[in-house]
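Enquirer: Next up, my_file31.pdb (PDB, C-alpha atoms, pLDDT in the B column).
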ATOM      1  CA  MET A 580      -7.034  25.895  58.886  1.00 56.00           C
ATOM      2  CA  LYS A 581      -4.793  28.907  58.275  1.00 52.00           C
ATOM      3  CA  LYS A 582      -2.204  26.688  56.643  1.00 56.00           C
ATOM      4  CA  GLU A 583      -4.783  25.209  54.281  1.00 56.00           C
ATOM      5  CA  LEU A 584      -6.036  28.652  53.288  1.00 47.00           C
ATOM      6  CA  PHE A 585      -2.457  29.786  52.721  1.00 49.00           C
ATOM      7  CA  GLU A 586      -1.754  26.809  50.477  1.00 52.00           C
ATOM      8  CA  MET A 587      -4.974  27.464  48.554  1.00 48.00           C
ATOM      9  CA  PHE A 588      -3.971  31.034  47.816  1.00 47.00           C
ATOM     10  CA  ARG A 589      -0.354  30.303  46.946  1.00 50.00           C
ATOM     11  CA  SER A 590      -0.936  27.196  44.842  1.00 47.00           C
ATOM     12  CA  ALA A 591       0.576  27.748  41.402  1.00 47.00           C
ATOM     13  CA  ASN A 592      -0.057  26.297  38.007  1.00 56.00           C
ATOM     14  CA  ASP A 593       2.657  23.737  37.246  1.00 64.00           C
ATOM     15  CA  LEU A 594       1.383  22.463  33.887  1.00 70.00           C
ATOM     16  CA  SER A 595       3.930  21.219  31.415  1.00 78.00           C
ATOM     17  CA  GLY A 596       4.342  22.718  27.964  1.00 79.00           C
ATOM     18  CA  GLU A 597       2.861  19.611  26.383  1.00 86.00           C
ATOM     19  CA  VAL A 598      -0.332  19.864  28.437  1.00 85.00           C
ATOM     20  CA  ILE A 599      -0.683  23.551  27.659  1.00 86.00           C
ATOM     21  CA  LEU A 600      -0.208  22.907  23.942  1.00 90.00           C
ATOM     22  CA  THR A 601      -2.777  20.098  24.021  1.00 90.00           C
ATOM     23  CA  ARG A 602      -5.392  22.278  25.663  1.00 88.00           C
ATOM     24  CA  LEU A 603      -4.817  25.122  23.241  1.00 90.00           C
ATOM     25  CA  THR A 604      -4.985  22.717  20.301  1.00 91.00           C
ATOM     26  CA  MET A 605      -8.326  21.363  21.498  1.00 90.00           C
ATOM     27  CA  ALA A 606      -9.556  24.935  21.875  1.00 90.00           C
ATOM     28  CA  VAL A 607      -8.580  25.671  18.264  1.00 92.00           C
ATOM     29  CA  VAL A 608     -10.393  22.550  17.028  1.00 91.00           C
ATOM     30  CA  ILE A 609     -13.608  23.499  18.822  1.00 91.00           C
ATOM     31  CA  ALA A 610     -13.193  27.103  17.654  1.00 92.00           C
ATOM     32  CA  CYS A 611     -13.226  25.788  14.074  1.00 90.00           C
ATOM     33  CA  PHE A 612     -16.490  23.951  14.808  1.00 87.00           C
ATOM     34  CA  ILE A 613     -17.965  27.188  16.163  1.00 89.00           C
ATOM     35  CA  TYR A 614     -16.745  29.131  13.133  1.00 90.00           C
ATOM     36  CA  ILE A 615     -18.284  26.653  10.685  1.00 87.00           C
ATOM     37  CA  SER A 616     -21.535  26.439  12.634  1.00 85.00           C
ATOM     38  CA  TYR A 617     -21.956  30.213  12.724  1.00 86.00           C
ATOM     39  CA  ARG A 618     -21.172  30.493   9.006  1.00 84.00           C
ATOM     40  CA  TRP A 619     -23.696  27.832   8.025  1.00 82.00           C
ATOM     41  CA  SER A 620     -26.481  28.980  10.315  1.00 77.00           C
ATOM     42  CA  HIS A 621     -26.211  32.645   9.318  1.00 74.00           C
ATOM     43  CA  ASP A 622     -26.451  34.027   5.829  1.00 66.00           C
ATOM     44  CA  GLY A 623     -27.432  37.226   4.105  1.00 59.00           C
ATOM     45  CA  SER A 624     -26.963  40.605   5.735  1.00 54.00           C
ATOM     46  CA  ILE A 625     -27.162  39.123   9.218  1.00 68.00           C
ATOM     47  CA  TYR A 626     -23.825  37.293   8.848  1.00 75.00           C
ATOM     48  CA  SER A 627     -20.782  39.107  10.246  1.00 80.00           C
ATOM     49  CA  LYS A 628     -17.382  37.680   9.385  1.00 84.00           C
ATOM     50  CA  LYS A 629     -15.671  39.858  12.002  1.00 85.00           C
ATOM     51  CA  PHE A 630     -17.992  38.574  14.710  1.00 85.00           C
ATOM     52  CA  ASN A 631     -17.407  34.991  13.571  1.00 87.00           C
ATOM     53  CA  VAL A 632     -13.625  35.399  13.804  1.00 90.00           C
ATOM     54  CA  SER A 633     -14.075  37.005  17.214  1.00 89.00           C
ATOM     55  CA  LEU A 634     -16.000  33.937  18.420  1.00 89.00           C
ATOM     56  CA  ALA A 635     -13.167  31.624  17.381  1.00 90.00           C
ATOM     57  CA  ALA A 636     -10.587  33.858  19.031  1.00 91.00           C
ATOM     58  CA  LEU A 637     -12.673  34.124  22.211  1.00 89.00           C
ATOM     59  CA  THR A 638     -12.587  30.339  22.627  1.00 90.00           C
ATOM     60  CA  VAL A 639      -8.788  30.283  22.590  1.00 91.00           C
ATOM     61  CA  ILE A 640      -8.563  33.370  24.809  1.00 88.00           C
ATOM     62  CA  THR A 641     -10.864  31.827  27.426  1.00 87.00           C
ATOM     63  CA  THR A 642      -8.778  28.646  27.378  1.00 88.00           C
ATOM     64  CA  THR A 643      -5.604  30.687  27.882  1.00 87.00           C
ATOM     65  CA  VAL A 644      -7.133  32.513  30.838  1.00 84.00           C
ATOM     66  CA  MET A 645      -8.164  29.216  32.430  1.00 84.00           C
ATOM     67  CA  ILE A 646      -4.660  27.818  31.968  1.00 83.00           C
ATOM     68  CA  VAL A 647      -3.159  30.866  33.665  1.00 79.00           C
ATOM     69  CA  ILE A 648      -5.605  30.762  36.562  1.00 79.00           C
ATOM     70  CA  GLY A 649      -5.343  27.009  37.134  1.00 70.00           C
ATOM     71  CA  ASN A 650      -6.244  26.262  40.734  1.00 59.00           C
ATOM     72  CA  ASN A 651      -4.874  29.547  42.071  1.00 62.00           C
ATOM     73  CA  LEU A 652      -7.715  31.114  44.038  1.00 56.00           C
ATOM     74  CA  ALA A 653      -5.981  34.459  44.499  1.00 57.00           C
ATOM     75  CA  MET A 654      -5.349  34.812  40.767  1.00 60.00           C
ATOM     76  CA  SER A 655      -8.917  33.835  39.925  1.00 59.00           C
ATOM     77  CA  LEU A 656     -10.287  36.512  42.271  1.00 57.00           C
ATOM     78  CA  GLY A 657      -7.937  39.048  40.749  1.00 57.00           C
ATOM     79  CA  MET A 658      -9.024  38.064  37.256  1.00 61.00           C
ATOM     80  CA  VAL A 659     -12.690  38.509  38.201  1.00 58.00           C
ATOM     81  CA  GLY A 660     -11.908  41.961  39.531  1.00 56.00           C
ATOM     82  CA  ALA A 661      -9.999  42.909  36.388  1.00 54.00           C
ATOM     83  CA  LEU A 662     -12.738  41.691  34.040  1.00 57.00           C
ATOM     84  CA  SER A 663     -15.460  43.438  36.033  1.00 56.00           C
ATOM     85  CA  ILE A 664     -14.294  46.832  34.763  1.00 52.00           C
ATOM     86  CA  VAL A 665     -14.756  45.801  31.115  1.00 55.00           C
ATOM     87  CA  ARG A 666     -17.894  47.118  29.428  1.00 58.00           C
ATOM     88  CA  PHE A 667     -19.169  45.407  26.280  1.00 57.00           C
ATOM     89  CA  ARG A 668     -21.401  47.696  24.223  1.00 59.00           C
ATOM     90  CA  THR A 669     -21.573  45.765  20.952  1.00 60.00           C
ATOM     91  CA  ALA A 670     -25.182  45.445  19.806  1.00 63.00           C
ATOM     92  CA  ILE A 671     -26.408  41.884  19.328  1.00 65.00           C
ATOM     93  CA  LYS A 672     -28.011  41.645  15.861  1.00 64.00           C
ATOM     94  CA  ASP A 673     -29.463  38.173  16.372  1.00 67.00           C
ATOM     95  CA  SER A 674     -30.588  36.404  19.534  1.00 72.00           C
ATOM     96  CA  ARG A 675     -28.588  33.372  18.401  1.00 78.00           C
ATOM     97  CA  ASP A 676     -25.388  35.404  18.773  1.00 81.00           C
ATOM     98  CA  THR A 677     -25.817  35.257  22.547  1.00 83.00           C
ATOM     99  CA  VAL A 678     -25.874  31.455  22.334  1.00 86.00           C
ATOM    100  CA  TYR A 679     -22.621  31.466  20.379  1.00 88.00           C
ATOM    101  CA  ILE A 680     -20.943  33.769  22.893  1.00 87.00           C
ATOM    102  CA  PHE A 681     -21.863  31.464  25.774  1.00 88.00           C
ATOM    103  CA  TRP A 682     -20.769  28.458  23.708  1.00 89.00           C
ATOM    104  CA  THR A 683     -17.314  29.920  23.149  1.00 90.00           C
ATOM    105  CA  ILE A 684     -16.876  30.779  26.820  1.00 88.00           C
ATOM    106  CA  VAL A 685     -18.016  27.373  28.080  1.00 89.00           C
ATOM    107  CA  ALA A 686     -15.908  25.533  25.501  1.00 90.00           C
ATOM    108  CA  GLY A 687     -12.885  27.618  26.461  1.00 88.00           C
ATOM    109  CA  ILE A 688     -13.407  26.889  30.153  1.00 87.00           C
ATOM    110  CA  CYS A 689     -13.669  23.149  29.496  1.00 88.00           C
ATOM    111  CA  CYS A 690     -10.525  23.092  27.349  1.00 88.00           C
ATOM    112  CA  GLY A 691      -8.644  25.221  29.851  1.00 85.00           C
ATOM    113  CA  ALA A 692      -9.597  22.836  32.633  1.00 83.00           C
ATOM    114  CA  GLY A 693      -8.556  19.821  30.547  1.00 85.00           C
ATOM    115  CA  ASP A 694     -12.060  18.352  30.385  1.00 86.00           C
ATOM    116  CA  TYR A 695     -11.965  17.485  26.696  1.00 87.00           C
ATOM    117  CA  LEU A 696     -14.810  14.956  26.835  1.00 90.00           C
ATOM    118  CA  VAL A 697     -17.324  17.527  28.077  1.00 89.00           C
ATOM    119  CA  ALA A 698     -15.989  20.121  25.636  1.00 88.00           C
ATOM    120  CA  GLY A 699     -16.200  17.732  22.681  1.00 87.00           C
ATOM    121  CA  LEU A 700     -19.562  16.144  23.426  1.00 90.00           C
ATOM    122  CA  GLY A 701     -21.178  19.389  24.465  1.00 89.00           C
ATOM    123  CA  SER A 702     -19.922  21.212  21.380  1.00 87.00           C
ATOM    124  CA  SER A 703     -21.065  18.364  19.136  1.00 87.00           C
ATOM    125  CA  PHE A 704     -24.606  18.540  20.492  1.00 89.00           C
ATOM    126  CA  VAL A 705     -24.732  22.339  20.268  1.00 86.00           C
ATOM    127  CA  PHE A 706     -23.223  22.175  16.776  1.00 82.00           C
ATOM    128  CA  GLY A 707     -25.938  19.776  15.633  1.00 83.00           C
ATOM    129  CA  ILE A 708     -28.794  21.741  17.214  1.00 83.00           C
ATOM    130  CA  LEU A 709     -27.692  25.041  15.716  1.00 77.00           C
ATOM    131  CA  LEU A 710     -27.194  23.559  12.268  1.00 74.00           C
ATOM    132  CA  LEU A 711     -30.578  21.847  12.447  1.00 75.00           C
ATOM    133  CA  PHE A 712     -32.571  24.807  13.700  1.00 73.00           C
ATOM    134  CA  GLY A 713     -30.257  27.684  12.843  1.00 60.00           C
ATOM    135  CA  ARG A 714     -31.975  28.516   9.558  1.00 58.00           C
ATOM    136  CA  ILE A 715     -35.414  28.867  11.078  1.00 58.00           C
ATOM    137  CA  ARG A 716     -36.676  32.363  10.380  1.00 56.00           C
ATOM    138  CA  ASN A 717     -39.683  34.350  11.371  1.00 53.00           C
ATOM    139  CA  ASP A 718     -40.558  35.867   8.006  1.00 53.00           C
ATOM    140  CA  SER A 719     -44.305  35.320   8.045  1.00 63.00           C
ATOM    141  CA  ARG A 720     -45.363  38.825   9.066  1.00 74.00           C
ATOM    142  CA  ILE A 721     -46.548  41.674   6.884  1.00 80.00           C
ATOM    143  CA  LEU A 722     -46.869  45.280   8.041  1.00 84.00           C
ATOM    144  CA  LEU A 723     -49.514  47.320   6.243  1.00 86.00           C
ATOM    145  CA  ILE A 724     -48.820  51.038   6.758  1.00 89.00           C
ATOM    146  CA  ILE A 725     -51.471  53.535   5.712  1.00 91.00           C
ATOM    147  CA  ARG A 726     -51.288  57.314   5.990  1.00 92.00           C
ATOM    148  CA  THR A 727     -54.397  59.244   5.047  1.00 91.00           C
ATOM    149  CA  ALA A 728     -56.556  62.192   6.034  1.00 90.00           C
ATOM    150  CA  ARG A 729     -58.326  62.004   9.370  1.00 88.00           C
ATOM    151  CA  THR A 730     -61.659  62.196   7.585  1.00 88.00           C
ATOM    152  CA  ASN A 731     -60.938  58.673   6.267  1.00 87.00           C
ATOM    153  CA  GLU A 732     -60.171  57.168   9.676  1.00 89.00           C
ATOM    154  CA  ALA A 733     -63.425  55.284  10.168  1.00 88.00           C
ATOM    155  CA  GLN A 734     -63.513  54.255   6.509  1.00 88.00           C
ATOM    156  CA  VAL A 735     -60.016  52.715   6.684  1.00 87.00           C
ATOM    157  CA  GLU A 736     -60.864  50.757   9.835  1.00 87.00           C
ATOM    158  CA  ALA A 737     -64.044  49.415   8.230  1.00 86.00           C
ATOM    159  CA  LEU A 738     -62.193  48.465   5.033  1.00 85.00           C
ATOM    160  CA  ILE A 739     -59.443  46.578   6.884  1.00 83.00           C
ATOM    161  CA  PHE A 740     -62.026  44.743   8.956  1.00 83.00           C
ATOM    162  CA  GLN A 741     -63.945  43.830   5.811  1.00 81.00           C
ATOM    163  CA  HIS A 742     -60.842  42.410   4.115  1.00 79.00           C
ATOM    164  CA  TYR A 743     -59.128  40.668   7.031  1.00 78.00           C
ATOM    165  CA  SER A 744     -61.737  40.494   9.799  1.00 74.00           C
ATOM    166  CA  ARG A 745     -59.854  39.997  13.087  1.00 73.00           C
ATOM    167  CA  LYS A 746     -56.748  38.607  11.370  1.00 77.00           C
ATOM    168  CA  ALA A 747     -55.247  42.085  10.934  1.00 81.00           C
ATOM    169  CA  VAL A 748     -53.926  43.431  14.251  1.00 82.00           C
ATOM    170  CA  LEU A 749     -53.619  47.174  14.728  1.00 85.00           C
ATOM    171  CA  ARG A 750     -50.162  47.768  16.187  1.00 85.00           C
ATOM    172  CA  VAL A 751     -49.774  51.544  15.918  1.00 87.00           C
ATOM    173  CA  GLN A 752     -52.082  54.462  15.211  1.00 88.00           C
ATOM    174  CA  ASN A 753     -50.461  57.876  14.906  1.00 89.00           C
ATOM    175  CA  THR A 754     -52.605  60.962  14.486  1.00 88.00           C
ATOM    176  CA  THR A 755     -52.040  64.632  13.774  1.00 89.00           C
ATOM    177  CA  GLU A 756     -54.518  67.441  13.369  1.00 86.00           C
ATOM    178  CA  THR A 757     -55.059  66.616   9.714  1.00 89.00           C
ATOM    179  CA  SER A 758     -53.762  63.060   9.126  1.00 90.00           C
ATOM    180  CA  VAL A 759     -53.733  59.596  10.631  1.00 92.00           C
ATOM    181  CA  GLU A 760     -51.324  56.696  10.185  1.00 93.00           C
ATOM    182  CA  PHE A 761     -52.236  53.041  10.743  1.00 91.00           C
ATOM    183  CA  ILE A 762     -49.790  50.154  11.091  1.00 90.00           C
ATOM    184  CA  TYR A 763     -51.483  46.760  10.829  1.00 87.00           C
ATOM    185  CA  GLU A 764     -49.759  43.406  11.266  1.00 84.00           C
ATOM    186  CA  LEU A 765     -51.056  40.344   9.446  1.00 80.00           C
ATOM    187  CA  SER A 766     -49.715  36.972   8.407  1.00 75.00           C
ATOM    188  CA  LYS A 767     -48.005  36.592   5.052  1.00 69.00           C
ATOM    189  CA  ARG A 768     -50.240  33.619   4.280  1.00 69.00           C
ATOM    190  CA  ILE A 769     -53.408  35.720   4.591  1.00 67.00           C
ATOM    191  CA  PHE A 770     -51.884  38.524   2.531  1.00 65.00           C
ATOM    192  CA  ASP A 771     -50.783  36.184  -0.288  1.00 65.00           C
ATOM    193  CA  LYS A 772     -54.202  34.502  -0.310  1.00 63.00           C
ATOM    194  CA  GLU A 773     -55.857  37.859  -0.872  1.00 62.00           C
ATOM    195  CA  LYS A 774     -53.491  38.656  -3.763  1.00 59.00           C
ATOM    196  CA  ARG A 775     -54.209  35.325  -5.436  1.00 51.00           C
ATOM    197  CA  GLY A 776     -57.927  36.043  -5.157  1.00 55.00           C
ATOM    198  CA  GLY A 777     -57.536  39.208  -7.202  1.00 59.00           C
ATOM    199  CA  ARG A 778     -58.552  41.518  -4.370  1.00 63.00           C
ATOM    200  CA  ARG A 779     -55.960  44.235  -3.790  1.00 75.00           C
ATOM    201  CA  ILE A 780     -56.360  46.215  -0.609  1.00 78.00           C
ATOM    202  CA  THR A 781     -54.150  49.026  -1.954  1.00 81.00           C
ATOM    203  CA  ASP A 782     -56.499  49.792  -4.834  1.00 81.00           C
ATOM    204  CA  GLU A 783     -59.477  50.137  -2.521  1.00 83.00           C
ATOM    205  CA  ILE A 784     -57.563  52.311  -0.079  1.00 85.00           C
ATOM    206  CA  TYR A 785     -56.431  54.742  -2.772  1.00 87.00           C
ATOM    207  CA  ALA A 786     -59.984  54.815  -4.126  1.00 84.00           C
ATOM    208  CA  MET A 787     -61.070  56.602  -0.935  1.00 84.00           C
ATOM    209  CA  GLY A 788     -59.039  59.665  -1.873  1.00 86.00           C
ATOM    210  CA  ASN A 789     -56.808  61.882   0.302  1.00 86.00           C
ATOM    211  CA  VAL A 790     -54.404  58.955   0.849  1.00 89.00           C
ATOM    212  CA  GLU A 791     -50.755  59.982   1.178  1.00 89.00           C
ATOM    213  CA  TYR A 792     -49.208  56.506   0.945  1.00 88.00           C
ATOM    214  CA  VAL A 793     -49.712  52.779   1.517  1.00 88.00           C
ATOM    215  CA  ASN A 794     -46.573  50.822   2.436  1.00 87.00           C
ATOM    216  CA  ILE A 795     -46.254  47.038   2.655  1.00 83.00           C
ATOM    217  CA  VAL A 796     -43.267  45.816   4.687  1.00 81.00           C
ATOM    218  CA  THR A 797     -42.157  42.215   5.103  1.00 75.00           C
ATOM    219  CA  GLN A 798     -40.629  41.508   8.502  1.00 65.00           C
ATOM    220  CA  ASN A 799     -37.877  38.934   8.773  1.00 58.00           C
ATOM    221  CA  ASP A 800     -34.664  38.330  10.716  1.00 50.00           C
ATOM    222  CA  ASP A 801     -32.518  40.163   8.162  1.00 47.00           C
ATOM    223  CA  ILE A 802     -34.070  43.455   9.206  1.00 40.00           C
ATOM    224  CA  SER A 803     -32.375  44.594  12.379  1.00 41.00           C
ATOM    225  CA  SER A 804     -31.545  47.891  13.999  1.00 37.00           C
TER     226      SER A 804
END
Could you write out this structure as structure tokens?
Expert:
Amino acid sequence: MKKELFEMFRSANDLSGEVILTRLTMAVVIACFIYISYRWSHDGSIYSKKFNVSLAALTVITTTVMIVIGNNLAMSLGMVGALSIVRFRTAIKDSRDTVYIFWTIVAGICCGAGDYLVAGLGSSFVFGILLLFGRIRNDSRILLIIRTARTNEAQVEALIFQHYSRKAVLRVQNTTETSVEFIYELSKRIFDKEKRGGRRITDEIYAMGNVEYVNIVTQNDDISS
């Protein structure tokens, strides 16, 4: 038993240069797929070229780490300990970015282990899914922001209910001693239908008097903090 444990800890990576080059080449090929997929599924202000290049590089880096570790248990434990002190504080702008990060890591592990079939097939399926659904956006929400005198509070609530019934959801209501601010969320379809009908909610709100502003904000995936 002791001898087996000793052999497990001392086992070294004896890969030839040709095998190492093949694994790195496969990692580069899959990294190109990831780069293209990210570029096609992201556009506008949400696309980050630096992040895209980092994804491609991360695939090759992960493959290199796997080649170095090989089947050496002691080195793998040491690598886990070394990586545990790293803190990543980069803000994720899009939830899909997390998928791409995991994709690069998994693809790098597969290439580093020499399992090209899993790396290729898995990346092909992920590539297709992200290209098919990657352009789906949630841009169907409108925020209606109203700031007025507190004396108009009940009148604003009645007016919004009259226009949108229960289809306008009150998300935030901020009040001060003299003013009140409403933030309503409603679907873009309902808002556009009202505009086509010639009824403008802004005109009726300003007609009440003592209204500081009325803001209309469209929410979509390009707006991120």
Enquirer: Quick one, how far is atom CA of A:Ala747 from atom CA of A:Asn789?
Expert: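 Atom CA of A:Asn789 lies 22.5 Å from atom CA of A:Ala747.
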Enquirer: Please indicate the distance in Å from atom CA of A:Thr755 to atom CA of A:Arg729, rounded to one decimal place.
Expert: 8.1 Å
Enquirer: Could you tell me which of A:Leu603, A:Ile739, A:Ile721, A:Val751 comes closest to A:Asn794 if we count all atoms listed in the file?
Expert: A:Ile721
Enquirer: Quick check, in Å to one decimal: how far apart do atom CA of A:Tyr743 and atom CA of A:Ser758 lie?
Expert: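 Distance reported for this atom pair: 23.1 Å.
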Enquirer: Please evaluate the PyMOL selection byres ((chain A and resi 689-699) around 7) against the structure above and give the resulting residues as a VMD selection string.
Expert: chain A and resid 602 605 to 606 642 to 643 645 to 646 685 to 688 700 to 703
Enquirer: Quick one: residues within 8 Å of A:Glu764, only C-alpha atoms counted, chain neighbours fewer than 6 positions away excluded, as a compact mmCIF listing (two decimals) with C-alpha atoms, in the coordinates of the input?
Expert:
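File produced: selection.txt:
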# COMPACT_ATOMS: atom_id res chain seq x y z
CA ARG A 720 -45.36 38.83 9.07
CA ILE A 721 -46.55 41.67 6.88
CA LEU A 722 -46.87 45.28 8.04
CA LEU A 723 -49.51 47.32 6.24
CA ALA A 747 -55.25 42.08 10.93
CA VAL A 748 -53.93 43.43 14.25
CA LEU A 749 -53.62 47.17 14.73
CA ARG A 750 -50.16 47.77 16.19
Enquirer: Can you tell me, as a list of chain:residue names, what residues are no more than 10 Å from A:Val735 when counting only C-alpha atoms, ignoring any on the same chain fewer than 3 positions away?
Expert: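 The residues satisfying every condition are A:Ile725, A:Arg726, A:Thr727, A:Arg729, A:Thr730, A:Asn731, A:Glu732, A:Leu738, A:Ile739, A:Phe740, A:Gln741, A:Phe761, A:Glu783, A:Ile784, A:Met787.
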Enquirer: Which one is closest to A:Ser766: A:Thr601, A:Thr754, A:Ser620, A:Thr797? Count only C-alpha atoms.
Expert: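 Among the listed residues, A:Thr797 lies closest to A:Ser766.
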Enquirer: I'd like the contact shell of stretch 674-680 of chain A - 8 Å cut-off, all atoms listed in the file, skipping same-chain residues fewer than 3 positions apart - returned as a list in words.
Expert: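 Non-adjacent residues within range: Ile613, Tyr617, Leu634, Ile671, Thr683 and Ile684 of chain A.
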Enquirer: Box time for stretch 685-691 of chain A: axis-aligned, enclosing all its listed atoms, 3 Å extra on each side; report centre and edge lengths in Å to one decimal, as AutoDock Vina command-line options.
Expert:
--center_x -13.3 --center_y 25.4 --center_z 27.8 --size_x 15.4 --size_y 10.5 --size_z 10.7
